[in-house]
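Notes for the one structure printed next.
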Amino acid sequence: MSQHAVGPRAVSRSVAFLLTAGVLAVPALAGCGSEDPAGKPLAGQDIQPAARDRITDGGTLRWAVDSVPDTLNTFQSDADATTTRVAQAVLPSMFRMNAEGRPERNPAYLESAKVVETEPKQVVLYKLDQQAVWSDGREIGAADFAAQWRALSGKDTAYWTARNAGYDRIQKIERGDNALEVRVTFSRPYADWRSLFSPLYPKDVMGTPDSFNDGARKKLKVTAGPFVLKKLSRKNEEITLTRNPRWWGRPAKLSEIVLRTVPRDKRAKELAAGTLDLAEIAPSEARRITVAARPRGSSSPVMGPEADRKPRKTAAKHARQQQALRGFEVRKSLEPAFTQLALNGAEGPLADERVRRAVARALDREELAEAVLKPLGLPAVPVGSHLALSGQAAYADNSGALGGQDTKEAQALLADAGWVRGGPIKEEKKKGEKAAGAEGEKAGSSEDGSRDDDGEYIVGADDKDKQGDKDQQDGKALRDEDPNHLAQDGKQYKQPHQGGAPGAYAPMGTAAPAGREAAPLAKNGKPLTLRFVLPSGPGSQTLRTVADRIARMLEGVGIGTEISKVSDESYFKDHIASGQYDLALYSWPASAFPATDARPVYAKPVPAADGSLNVEQNYTRVGTDQVDQLFDQAVATLDEGESLALIRKADSRIWAAAGSIPLFQRPQLIAARKNLVNTGAFGLGAPVYEDMGFLKKGAKPAGGPSAKGSAAP
């Protein structure tokens, strides 16, 4: 999720749900009382704050990234998290996210920005900083705003844009009383106007389709941030940013930032070799760094299961790496993204909302959150909203609209839907049958009946006489559970929209749970068995325990699961997007502008002209007109309190329909050199690039960056 000022705005989202009138009583909305239901972020930023006068002037920060992006234009469909990172450092953002994940005016570019008229049209007046200039010396002004509006309005299809949300509501853009003022007039009221022009590209990029489509893919000739793009090398797989000599704000402390492509499984080695200063890491690397940082004599840096398995030479090499890792520390927070269980309501058993709600009521979300976050020392609190995270303005825990874990209620819902325990089941040939669409792995059977040769697990298929041994193994696994496998899911799956949307984090395989204690549920001769589709690539194993526990929880109410591993490349395209699944784990970014960004994720799918179903990003394929109307009202309501109330009401309806179940916020683990300050795990906030740097010799981190120029509301 891509994060912060650019990333969340990239997401065009849609997931809506069927709510049977009269079945559910939606509780009174949070927010009507005196307390702010948004609360505070579950975990704050962990960035080693330091005042600027304690930071060395100069130095190069070597920062690991997943890739050199295919484009530097964040508004194109193949933009990724590195595109966002570059844009944050070199381009203007009128608003950026604070530590609570809320938009704040960026004082480097704006003296003020506010709605100055509402009738007959909404008008927003931007007053730009008088020193704000592009790197070629030209003043930032109305021409740049207008060029970006025309490119992203959706009216000219020659522009290969990934989204136009918000820009399609603008009627005109003109200069104000002077060159520093920009007046934006909207054709329809737009509550999320702060989401626009972040980032802002120069008119040289946005002015023509050719320059938009191709001009900013490999280079940015003109920028306006604390850094400029010096070099993008696909051969060396790195991007070099250097100080902007025309930057008018607080001078960047670092002289250079090098974004290096380093695979996640090689980052610990690169850190130990001294070729990286900052890197997002997996829990296994976090554990190594934590062990290495312990006082000498408290434990051997080679101790632990890894060392026990290593030959002498390898163990010695490992020990040297551990010694080098003593210069690093792990900074941790929670990402602005949450992992969810998605339930495909288009067909099969989950088309019945009673079955979806039974699945949801079978889940102990607190247990799942604890399995992932508690070993890392992070707050293990389930996410209570589909539309925001704790601390963000729109957040309220609306999960009460569905209810918590309740086995009896889940079983009653299944019975009401006609699923009978011990009912007759017709024999069906499973050999060679595709379990999860065109790219799914074939279902077969192994000697013990629980796992086939192609990687599919059928939950509940274990032999009864193996139960005792398996219970012993499972008990030991829970006692010895390795936090390295629980916390973070590595690869994120992107959607075909600007900036990408972090997607599925899921296990590469799941051990089958214990055999059923009673006969399976059945209806019309078929057992109640759901296809649980998971990606199988490197890094996906970190949710192995999550998927396993979900399967066990479902088995407890009589629901069987068939867990199929599929390739990362086909996971979203061939399974989630095409609807070839019943259950799936993936993640969404949380946006500060849910009325805009969340609507296409939770909107009611509609038939297209060719007879197909247009689901946008509503991969659960469940929706209601009521949810759509609430989003439409929220985005057109300029009263902030009323807009937030409508968003929370929409979230309650989404919870009640049980098309997707938010589980927990994603952990964020960053390895940082100990003397590196004002960077690390940013949580819900945006990086402040000009304040990053290395401590002066003998200086200690204290306080924080100077208040001068800090973000203001």
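Identifiers for the structure tokens are assigned positionally: chains receive A, B, ... in sequence, residues are indexed from 1 per chain, and ligands are indexed from 1 in the order shown.
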
Checklist entry - How would you write, as a ChimeraX atom specification, the set of residues in stretch 515-599 of chain A that DSSP gives as strand (DSSP E)? => result /A:521-523,526-527,529-535,560-566,583-589

Spatial neighbours of stretch 34-42 of chain A, max dist 9 Å, only C-alpha atoms, sep filter under 6 positions, as an mmCIF file with N, CA and C atoms, in the first residue's frame:
data_model
loop_
_atom_site.group_PDB
_atom_site.id
_atom_site.type_symbol
_atom_site.label_atom_id
_atom_site.label_comp_id
_atom_site.auth_asym_id
_atom_site.auth_seq_id
_atom_site.Cartn_x
_atom_site.Cartn_y
_atom_site.Cartn_z
ATOM 1 N N ALA A 99 1.112 11.265 11.275
ATOM 2 C CA ALA A 99 1.317 9.991 11.954
ATOM 3 C C ALA A 99 0.012 9.268 12.260
ATOM 4 N N GLU A 100 -1.112 9.973 12.229
ATOM 5 C CA GLU A 100 -2.420 9.355 12.447
ATOM 6 C C GLU A 100 -3.074 8.942 11.136
ATOM 7 N N GLY A 101 -2.355 9.087 10.026
ATOM 8 C CA GLY A 101 -2.923 8.707 8.737
ATOM 9 C C GLY A 101 -3.975 9.675 8.242
ATOM 10 N N SER A 333 6.338 -1.110 13.269
ATOM 11 C CA SER A 333 5.041 -0.461 13.428
ATOM 12 C C SER A 333 4.024 -1.313 12.679
ATOM 13 N N LEU A 334 2.885 -0.726 12.361
ATOM 14 C CA LEU A 334 1.854 -1.400 11.571
ATOM 15 C C LEU A 334 1.633 -0.619 10.290
ATOM 16 N N LEU A 378 3.828 -6.462 18.745
ATOM 17 C CA LEU A 378 2.947 -5.433 18.204
ATOM 18 C C LEU A 378 1.534 -5.626 18.734
ATOM 19 N N PRO A 379 0.747 -4.570 18.820
ATOM 20 C CA PRO A 379 -0.622 -4.687 19.340
ATOM 21 C C PRO A 379 -1.448 -5.668 18.519
ATOM 22 N N ALA A 380 -1.945 -6.706 19.179
ATOM 23 C CA ALA A 380 -2.707 -7.753 18.491
ATOM 24 C C ALA A 380 -4.196 -7.453 18.592
ATOM 25 N N VAL A 381 -4.629 -6.460 17.844
ATOM 26 C CA VAL A 381 -6.019 -6.011 17.876
ATOM 27 C C VAL A 381 -6.639 -6.207 16.499
ATOM 28 N N ALA A 388 -11.163 2.106 7.082
ATOM 29 C CA ALA A 388 -10.122 2.921 7.716
ATOM 30 C C ALA A 388 -9.460 2.099 8.802
ATOM 31 N N LEU A 389 -8.347 2.614 9.308
ATOM 32 C CA LEU A 389 -7.631 1.971 10.397
ATOM 33 C C LEU A 389 -7.668 2.857 11.634
ATOM 34 N N SER A 390 -7.478 2.253 12.770
ATOM 35 C CA SER A 390 -7.537 2.983 14.028
ATOM 36 C C SER A 390 -6.622 4.202 13.976
ATOM 37 N N GLY A 391 -7.175 5.360 14.316
ATOM 38 C CA GLY A 391 -6.454 6.622 14.253
ATOM 39 C C GLY A 391 -6.884 7.479 13.082
ATOM 40 N N GLN A 392 -7.315 6.848 11.985
ATOM 41 C CA GLN A 392 -7.790 7.619 10.839
ATOM 42 C C GLN A 392 -9.188 8.153 11.120
ATOM 43 N N ALA A 393 -9.504 9.282 10.518
ATOM 44 C CA ALA A 393 -10.729 10.001 10.859
ATOM 45 C C ALA A 393 -11.983 9.158 10.679
ATOM 46 N N ALA A 394 -12.022 8.296 9.658
ATOM 47 C CA ALA A 394 -13.237 7.541 9.355
ATOM 48 C C ALA A 394 -13.355 6.256 10.163
ATOM 49 N N TYR A 395 -12.380 5.961 11.006
ATOM 50 C CA TYR A 395 -12.398 4.666 11.693
ATOM 51 C C TYR A 395 -13.440 4.627 12.792
ATOM 52 N N ALA A 396 -14.112 3.500 12.871
ATOM 53 C CA ALA A 396 -14.951 3.138 14.006
ATOM 54 C C ALA A 396 -15.080 1.624 13.948
ATOM 55 N N ASP A 397 -15.080 0.971 15.087
ATOM 56 C CA ASP A 397 -15.220 -0.479 15.108
ATOM 57 C C ASP A 397 -16.693 -0.828 14.901
ATOM 58 N N GLY A 683 4.638 3.720 9.784
ATOM 59 C CA GLY A 683 3.261 3.481 10.170
ATOM 60 C C GLY A 683 2.288 4.109 9.202
ATOM 61 N N LEU A 684 1.351 4.892 9.721
ATOM 62 C CA LEU A 684 0.343 5.529 8.873
ATOM 63 C C LEU A 684 0.835 6.829 8.243
#

Item to check | Contact residues around stretch 688-693 of chain A with only C-alpha atoms at 8 Å, ignoring same-chain residues under 6 positions, as a count of residues only | outcome: 19

Checklist entry - Counting only C-alpha atoms, what is within 8 Å of A:Gly176, bar same-chain residues fewer than 6 positions away, as a PyMOL selection string? => result chain A and resi 125+182-183

Dump as an mmCIF file, in the first residue's frame, selection limited to N, CA, C and O atoms:
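Saved file selection20.cif follows:
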data_model
loop_
_atom_site.group_PDB
_atom_site.id
_atom_site.type_symbol
_atom_site.label_atom_id
_atom_site.label_comp_id
_atom_site.auth_asym_id
_atom_site.auth_seq_id
_atom_site.Cartn_x
_atom_site.Cartn_y
_atom_site.Cartn_z
ATOM 1 N N LEU A 125 -9.683 27.327 -2.901
ATOM 2 C CA LEU A 125 -8.630 28.282 -3.220
ATOM 3 C C LEU A 125 -7.315 27.803 -2.609
ATOM 4 O O LEU A 125 -7.195 27.633 -1.394
ATOM 5 N N VAL A 182 -4.549 29.572 -6.918
ATOM 6 C CA VAL A 182 -5.182 28.673 -7.877
ATOM 7 C C VAL A 182 -6.601 28.417 -7.404
ATOM 8 O O VAL A 182 -6.818 27.960 -6.277
ATOM 9 N N ARG A 183 -7.579 28.733 -8.266
ATOM 10 C CA ARG A 183 -8.999 28.508 -7.944
ATOM 11 C C ARG A 183 -9.477 27.266 -8.692
ATOM 12 O O ARG A 183 -9.386 27.184 -9.917
#

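Rounded to one decimal, atom CA of A:Ile425 and atom CA of A:Gly525 lie 4.2 Å from each other.
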
Checklist entry - What are the DSSP alpha helix (DSSP H) residues of stretch 628-713 of chain A, as a list of chain:residue names? => result A:Asp628, A:Gln629, A:Leu630, A:Phe631, A:Asp632, A:Gln633, A:Ala634, A:Val635, A:Glu640, A:Gly641, A:Glu642, A:Ser643, A:Leu644, A:Ala645, A:Leu646, A:Ile647, A:Arg648, A:Lys649, A:Ala650, A:Asp651, A:Ser652, A:Arg653, A:Ile654, A:Trp655, A:Ala656, A:Ala657

Next on the checklist: Would you pick out the contacts of stretch 655-672 of chain A at 6 Å or less, using only C-alpha atoms, so that residues sharing its chain but fewer than 5 positions from it are not included, and give the list as a ChimeraX atom specification?
Outcome noted: /A:17-19,277-281,328-335,337-343,356-357,365,369,382-383,401-402,488,620,680-681

Next on the checklist: Applying 9 Å and only C-alpha atoms, which residues near A:Asn524 remain after dropping the ones on its own chain fewer than 5 positions away? List them as a list in words.
Outcome noted: Gly418, Trp419, Gly423, Pro424, Ile425 and Lys426 of chain A

Now that the selection is made, can you save its residues with all heavy atoms as a PDB file, in the first residue's frame?
ATOM      1  N   GLY A 418     -30.089 -24.700   5.178  1.00  0.00           N
ATOM      2  CA  GLY A 418     -30.377 -26.024   4.635  1.00  0.00           C
ATOM      3  C   GLY A 418     -29.235 -27.004   4.675  1.00  0.00           C
ATOM      4  O   GLY A 418     -29.336 -28.099   4.112  1.00  0.00           O
ATOM      5  N   TRP A 419     -28.144 -26.656   5.367  1.00  0.00           N
ATOM      6  CA  TRP A 419     -27.003 -27.559   5.450  1.00  0.00           C
ATOM      7  C   TRP A 419     -27.179 -28.458   6.660  1.00  0.00           C
ATOM      8  O   TRP A 419     -27.240 -27.983   7.794  1.00  0.00           O
ATOM      9  CB  TRP A 419     -25.703 -26.782   5.528  1.00  0.00           C
ATOM     10  CG  TRP A 419     -25.420 -26.046   4.252  1.00  0.00           C
ATOM     11  CD1 TRP A 419     -25.717 -24.754   3.962  1.00  0.00           C
ATOM     12  CD2 TRP A 419     -24.814 -26.595   3.077  1.00  0.00           C
ATOM     13  NE1 TRP A 419     -25.333 -24.456   2.680  1.00  0.00           N
ATOM     14  CE2 TRP A 419     -24.770 -25.559   2.102  1.00  0.00           C
ATOM     15  CE3 TRP A 419     -24.298 -27.847   2.746  1.00  0.00           C
ATOM     16  CZ2 TRP A 419     -24.250 -25.757   0.835  1.00  0.00           C
ATOM     17  CZ3 TRP A 419     -23.763 -28.046   1.481  1.00  0.00           C
ATOM     18  CH2 TRP A 419     -23.745 -27.008   0.541  1.00  0.00           C
ATOM     19  N   GLY A 423     -26.042 -35.588   6.269  1.00  0.00           N
ATOM     20  CA  GLY A 423     -26.927 -35.820   5.136  1.00  0.00           C
ATOM     21  C   GLY A 423     -26.251 -36.660   4.062  1.00  0.00           C
ATOM     22  O   GLY A 423     -25.033 -36.804   4.029  1.00  0.00           O
ATOM     23  N   PRO A 424     -27.038 -37.249   3.146  1.00  0.00           N
ATOM     24  CA  PRO A 424     -26.462 -38.089   2.086  1.00  0.00           C
ATOM     25  C   PRO A 424     -25.577 -37.277   1.153  1.00  0.00           C
ATOM     26  O   PRO A 424     -25.880 -36.140   0.815  1.00  0.00           O
ATOM     27  CB  PRO A 424     -27.700 -38.624   1.353  1.00  0.00           C
ATOM     28  CG  PRO A 424     -28.770 -37.614   1.625  1.00  0.00           C
ATOM     29  CD  PRO A 424     -28.500 -37.119   3.013  1.00  0.00           C
ATOM     30  N   ILE A 425     -24.446 -37.864   0.752  1.00  0.00           N
ATOM     31  CA  ILE A 425     -23.500 -37.216  -0.145  1.00  0.00           C
ATOM     32  C   ILE A 425     -23.287 -38.079  -1.370  1.00  0.00           C
ATOM     33  O   ILE A 425     -22.974 -39.260  -1.259  1.00  0.00           O
ATOM     34  CB  ILE A 425     -22.148 -36.979   0.563  1.00  0.00           C
ATOM     35  CG1 ILE A 425     -22.345 -36.050   1.762  1.00  0.00           C
ATOM     36  CG2 ILE A 425     -21.120 -36.396  -0.403  1.00  0.00           C
ATOM     37  CD1 ILE A 425     -21.080 -35.836   2.571  1.00  0.00           C
ATOM     38  N   LYS A 426     -23.464 -37.488  -2.529  1.00  0.00           N
ATOM     39  CA  LYS A 426     -23.242 -38.200  -3.777  1.00  0.00           C
ATOM     40  C   LYS A 426     -21.746 -38.295  -4.051  1.00  0.00           C
ATOM     41  O   LYS A 426     -21.008 -37.327  -3.880  1.00  0.00           O
ATOM     42  CB  LYS A 426     -23.939 -37.479  -4.939  1.00  0.00           C
ATOM     43  CG  LYS A 426     -25.452 -37.428  -4.815  1.00  0.00           C
ATOM     44  CD  LYS A 426     -26.055 -36.660  -5.983  1.00  0.00           C
ATOM     45  CE  LYS A 426     -27.574 -36.560  -5.834  1.00  0.00           C
ATOM     46  NZ  LYS A 426     -28.167 -35.767  -6.941  1.00  0.00           N
TER      47      LYS A 426
END

Next on the checklist: Need the shell around A:Tyr190: protein/DNA/RNA residues with any atom at most 12 Å away, counting only C-alpha atoms. Skip same-chain ones fewer than 5 positions apart. Format as a PyMOL selection string?
Outcome noted: chain A and resi 115+118+121-124+165-171+184-185+195-196+593+595-596+631-640+643

Export of prior selection with C-alpha atoms as a PDB file, in the first residue's frame:
ATOM      1  CA  VAL A 115     -13.196  25.789   0.480  1.00  0.00           C
ATOM      2  CA  THR A 118     -20.163  26.270  -1.744  1.00  0.00           C
ATOM      3  CA  LYS A 121     -20.499  25.655  -6.896  1.00  0.00           C
ATOM      4  CA  GLN A 122     -17.798  24.389  -4.561  1.00  0.00           C
ATOM      5  CA  VAL A 123     -14.612  26.422  -4.992  1.00  0.00           C
ATOM      6  CA  VAL A 124     -11.279  25.574  -3.378  1.00  0.00           C
ATOM      7  CA  ALA A 165     -11.612   9.846  -9.240  1.00  0.00           C
ATOM      8  CA  GLY A 166     -12.121  13.417  -8.060  1.00  0.00           C
ATOM      9  CA  TYR A 167     -10.606  15.012 -11.149  1.00  0.00           C
ATOM     10  CA  ASP A 168     -13.776  14.105 -13.047  1.00  0.00           C
ATOM     11  CA  ARG A 169     -15.725  16.406 -10.690  1.00  0.00           C
ATOM     12  CA  ILE A 170     -13.713  19.524 -11.535  1.00  0.00           C
ATOM     13  CA  GLN A 171     -15.404  22.069 -13.799  1.00  0.00           C
ATOM     14  CA  VAL A 184     -10.524  25.086  -8.511  1.00  0.00           C
ATOM     15  CA  THR A 185     -14.262  25.044  -9.254  1.00  0.00           C
ATOM     16  CA  SER A 195      -6.800  14.012  -2.137  1.00  0.00           C
ATOM     17  CA  LEU A 196      -6.124  15.870  -5.378  1.00  0.00           C
ATOM     18  CA  PHE A 593     -10.220   9.209   1.584  1.00  0.00           C
ATOM     19  CA  ALA A 595     -15.527   7.872   0.195  1.00  0.00           C
ATOM     20  CA  THR A 596     -13.490   8.026  -3.011  1.00  0.00           C
ATOM     21  CA  PHE A 631     -20.722   6.296  -0.540  1.00  0.00           C
ATOM     22  CA  ASP A 632     -22.238   8.712  -3.043  1.00  0.00           C
ATOM     23  CA  GLN A 633     -23.742  10.800  -0.264  1.00  0.00           C
ATOM     24  CA  ALA A 634     -20.506  10.799   1.744  1.00  0.00           C
ATOM     25  CA  VAL A 635     -18.347  12.001  -1.140  1.00  0.00           C
ATOM     26  CA  ALA A 636     -20.797  14.807  -1.975  1.00  0.00           C
ATOM     27  CA  THR A 637     -21.217  16.054   1.619  1.00  0.00           C
ATOM     28  CA  LEU A 638     -18.943  18.944   2.541  1.00  0.00           C
ATOM     29  CA  ASP A 639     -19.839  18.751   6.233  1.00  0.00           C
ATOM     30  CA  GLU A 640     -16.972  16.597   7.532  1.00  0.00           C
ATOM     31  CA  SER A 643     -19.559  12.644   5.715  1.00  0.00           C
TER      32      SER A 643
END

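Counting only C-alpha atoms, the residue from A:Val116, A:Thr74, A:Asp80, A:Arg653 that sits nearest to A:Leu152 is A:Thr74.
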
Checklist entry - With only C-alpha atoms as the atoms that count, which of A:Gly698, A:Gly611, A:Gly154, A:Pro520 lies nearest to A:Leu554? => result A:Pro520

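Take the candidates A:Pro589, A:Gly327, A:Pro295, A:Pro199 and check each one against A:Ala272 using only C-alpha atoms; the shortest distance goes to A:Gly327.
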
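Proximity ranking of A:Ala158, A:Ala592, A:Arg260, A:Asp568 relative to A:Lys235 places A:Arg260 first, based on only C-alpha atoms.
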
Next on the checklist: Under the rule that only C-alpha atoms are counted, which of A:Pro527, A:Pro375, A:Gly579, A:Pro209 is the nearest residue to A:Ser284?
Outcome noted: A:Pro375

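The nearest approach to A:Val90 among the residues A:Val228, A:Asp53, A:Pro103, A:Pro120, with only C-alpha atoms taken into account, belongs to A:Val228.
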